[in-house]
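Novice: Before I ask anything, here is the structure I am working with.
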Amino acid sequence: MRAGEFDEAAFFGAIHQSGARALLIGRRALVLLGLPVLTAAYDFWVHIDDIAVFNTAAAQCDLLPSVLPETARQRGRYVLENDEHVDVLVARAVTTVDGVRVAFDEVWAARRPVSLAAGVDVQLPGIDDLILTKRFADRPRDVEDIRLLRILQSEPKA
Amino acid sequence: MSGQDHVRSFAERRLSPLEAREYLETPISDSERDEVLALVRWFMRRYPTPLDRLAYVRRAYARWQRTLGIARSQ
C-alpha cells in the first residue's frame, strides 16, 4: 500500500462509528491542530475496556492487532498494522516522567473533537493534556512538540 | 548499526530529567514564537481542512522516505 492509498477518512470514520473511546495523541494530533510535523505512525490512547471494539473498527481498514486484547491489557500497549502502523496505549492511567498521574477518564472528559468530515469526528485531548502525554517518554521530539504546543496555546484561537 | 539506525536510536532515546528540564524551561523567544505561528498560518491556509492536513503529512513523509532511500543508495 503506497502513501496515498490508505483511506484516512474511512479509518477515522470506522473508529467514530464504533463508539470506542479513542483519543488521537502523538504527532498526528499536532497536525490536526495546525502544526506541520512529520510522522509515520498513528498514536491512540484507547479506553482499556474498548480494545476489542477499536480493533474491530480498525479491521475494516485491514489493520491487525499484534496481540490479543487480554495481552494488550496486561502490557498496556500494542500495535495495529498492515502497511500502516498504529501504536495503541491502553492504560487506565500513565505517569509522566516527572510523576504526574494522567488518567484516561479525565483526559477523555476534557477531550476536544475535530470534525474530519460529515459525521466523522476525531477525539483529541485538550492541549494541556496533550502536553502531558508528551511527557510519558520525554524523547527529544516530545519536548520539541511541547514547545510547539505551548506556542499554539498562546494564540487565542488555539 | 547503520547510520540511519544511529539517528533513529538518538531520536528515540529518553532524555535525562536534566536535559528535558533545560529544554522545557528555556523561554520561548519572540522570534521562535513568530516563526512557529507563521508556519501554522501557512499550513492552515494551504491545507484548510483537517483531512487536507493529514493527507499533506502522508505525502511529506512518503517524500522524506524516498529521499532517505536515495541517500542510502549513494
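Simple scheme: letters A, B, ... for chains in C-alpha cells order, numbers from 1 for residues in each chain, numbers from 1 for ligands in the order shown.
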Distance cut-off 8 Å, counting only C-alpha atoms - which residues of chain A neighbour chain B? Return them as a PyMOL selection string.

Specialist: chain A and resi 3-4+8-9+28+31-32+34-40+97-98+114-117+137-141+143+146-148+151-152

Novice: Would you mind telling me which residue in A:Val120, A:Leu89, A:Leu132, A:Ile127 lies nearest to Arg101 (chain A) when using only C-alpha atoms?

Specialist: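 Looking at the shortest contact to Arg101 (chain A), the residue is A:Leu132.
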
Novice: Which residues are close to region 70-79 of chain A, i.e. within 8 Å by only C-alpha atoms, leaving aside same-chain residues fewer than 4 positions away? Reply as a VMD selection string.

Specialist: chain A and resid 48 65 to 66 85 to 91

Novice: Would you please give, as a short mmCIF file (atom, residue, chain, number, x, y, z; two decimals) with C-alpha atoms, in the first residue's frame, all residues of chain A that DSSP assigns to helix (DSSP H, G or I) based on the backbone?

Specialist:
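After the write, out-v1.cif holds the following:
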data_model
loop_
_atom_site.label_atom_id
_atom_site.label_comp_id
_atom_site.auth_asym_id
_atom_site.auth_seq_id
_atom_site.Cartn_x
_atom_site.Cartn_y
_atom_site.Cartn_z
CA ALA A 3 1.20 6.62 0.87
CA GLY A 4 -1.87 7.79 -0.96
CA GLU A 5 -3.82 4.55 -0.75
CA GLU A 8 -7.84 8.10 6.41
CA ALA A 9 -11.44 9.29 6.31
CA ALA A 10 -12.62 5.66 6.28
CA PHE A 11 -10.22 4.77 9.09
CA PHE A 12 -11.29 7.60 11.36
CA GLY A 13 -14.90 7.12 10.29
CA ALA A 14 -14.83 3.47 11.37
CA ILE A 15 -13.42 4.45 14.75
CA HIS A 16 -16.04 7.16 15.16
CA GLN A 17 -18.87 4.80 14.19
CA SER A 18 -17.62 2.11 16.57
CA ARG A 27 2.13 13.95 16.20
CA ARG A 28 -0.98 13.43 14.09
CA ALA A 29 -2.90 15.23 16.80
CA LEU A 30 -0.50 18.15 16.38
CA VAL A 31 -1.11 18.06 12.63
CA LEU A 32 -4.86 18.35 13.14
CA LEU A 33 -4.25 21.34 15.38
CA ILE A 51 -9.82 -2.63 22.84
CA ALA A 52 -11.97 -5.18 21.04
CA VAL A 53 -14.33 -2.52 19.66
CA PHE A 54 -11.40 -0.43 18.49
CA ASN A 55 -9.77 -3.47 16.83
CA THR A 56 -13.00 -4.33 15.02
CA ALA A 57 -13.16 -0.80 13.66
CA ALA A 58 -9.52 -0.88 12.57
CA ALA A 59 -10.07 -4.27 10.91
CA PRO A 69 -6.91 -7.85 23.86
CA GLU A 70 -6.10 -9.62 27.14
CA THR A 71 -2.38 -9.44 26.44
CA ALA A 72 -2.72 -5.80 25.39
CA ARG A 73 -4.43 -5.04 28.70
CA GLN A 74 -1.55 -6.64 30.58
CA ARG A 75 1.15 -4.88 28.58
CA PHE A 104 -7.65 8.30 30.67
CA ASP A 105 -11.11 9.10 32.03
CA GLU A 106 -10.11 12.65 32.94
CA VAL A 107 -8.46 13.27 29.57
CA TRP A 108 -11.49 11.80 27.81
CA ALA A 109 -13.84 14.04 29.77
CA ILE A 127 -3.79 20.94 24.65
CA ASP A 128 -2.79 20.77 28.34
CA ASP A 129 -3.46 17.04 28.36
CA LEU A 130 -1.73 16.53 25.02
CA ILE A 131 1.33 18.19 26.54
CA LEU A 132 1.12 15.75 29.46
CA THR A 133 1.03 12.78 27.06
CA PRO A 140 13.77 14.75 22.01
CA ARG A 141 10.83 15.10 19.63
CA ASP A 142 8.38 15.09 22.56
CA VAL A 143 9.97 18.11 24.19
CA GLU A 144 10.14 19.84 20.80
CA ASP A 145 6.43 19.15 20.36
CA ILE A 146 5.70 20.56 23.82
CA ARG A 147 7.31 23.85 22.83
CA LEU A 148 5.21 23.91 19.64
CA LEU A 149 2.03 23.20 21.61
CA ARG A 150 2.83 25.92 24.13
CA ILE A 151 3.26 28.41 21.31
CA LEU A 152 0.00 27.28 19.74
CA GLN A 153 -1.69 27.53 23.12
#

Novice: Write out as number ranges by chain the residues lying within 6 Å of region 110-113 of chain A, counting only C-alpha atoms and excluding same-chain residues fewer than 3 positions away.

Specialist: A: 107, 121-126

Novice: For the residues selected in the previous step, produce a file with N, CA and C atoms as a PDB file, in the first residue's frame.

Specialist:
ATOM      1  N   VAL A 107      -8.831  12.706  30.877  1.00  0.00           N
ATOM      2  CA  VAL A 107      -8.457  13.273  29.571  1.00  0.00           C
ATOM      3  C   VAL A 107      -9.644  13.154  28.611  1.00  0.00           C
ATOM      4  N   ASP A 121     -15.921  12.530  13.538  1.00  0.00           N
ATOM      5  CA  ASP A 121     -15.117  13.337  14.468  1.00  0.00           C
ATOM      6  C   ASP A 121     -13.930  12.521  14.966  1.00  0.00           C
ATOM      7  N   VAL A 122     -12.821  13.214  15.134  1.00  0.00           N
ATOM      8  CA  VAL A 122     -11.648  12.616  15.783  1.00  0.00           C
ATOM      9  C   VAL A 122     -11.549  13.262  17.155  1.00  0.00           C
ATOM     10  N   GLN A 123     -11.318  12.455  18.164  1.00  0.00           N
ATOM     11  CA  GLN A 123     -11.256  12.977  19.531  1.00  0.00           C
ATOM     12  C   GLN A 123      -9.801  13.240  19.916  1.00  0.00           C
ATOM     13  N   LEU A 124      -9.510  14.486  20.262  1.00  0.00           N
ATOM     14  CA  LEU A 124      -8.155  14.852  20.698  1.00  0.00           C
ATOM     15  C   LEU A 124      -8.195  15.234  22.171  1.00  0.00           C
ATOM     16  N   PRO A 125      -7.105  15.014  22.887  1.00  0.00           N
ATOM     17  CA  PRO A 125      -7.032  15.588  24.233  1.00  0.00           C
ATOM     18  C   PRO A 125      -7.000  17.114  24.131  1.00  0.00           C
ATOM     19  N   GLY A 126      -7.379  17.790  25.197  1.00  0.00           N
ATOM     20  CA  GLY A 126      -7.132  19.223  25.243  1.00  0.00           C
ATOM     21  C   GLY A 126      -5.632  19.463  25.187  1.00  0.00           C
TER      22      GLY A 126
END

Novice: Find the distance between CA of Leu23 (chain A) and CA of Phe44 (chain A) and write it in Å to one decimal.

Specialist: 5.4 Å

Novice: Enumerate as a list of chain:residue names all residues of region 108-156 of chain A assigned to strand (DSSP E) by DSSP on the backbone, naming them with the chain letters and numbers the document uses.

Specialist: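 Here is the list: A:Arg112, A:Pro113, A:Val114, A:Ser115, A:Leu116, A:Ala117, A:Val120, A:Asp121, A:Val122, A:Gln123, A:Leu124.
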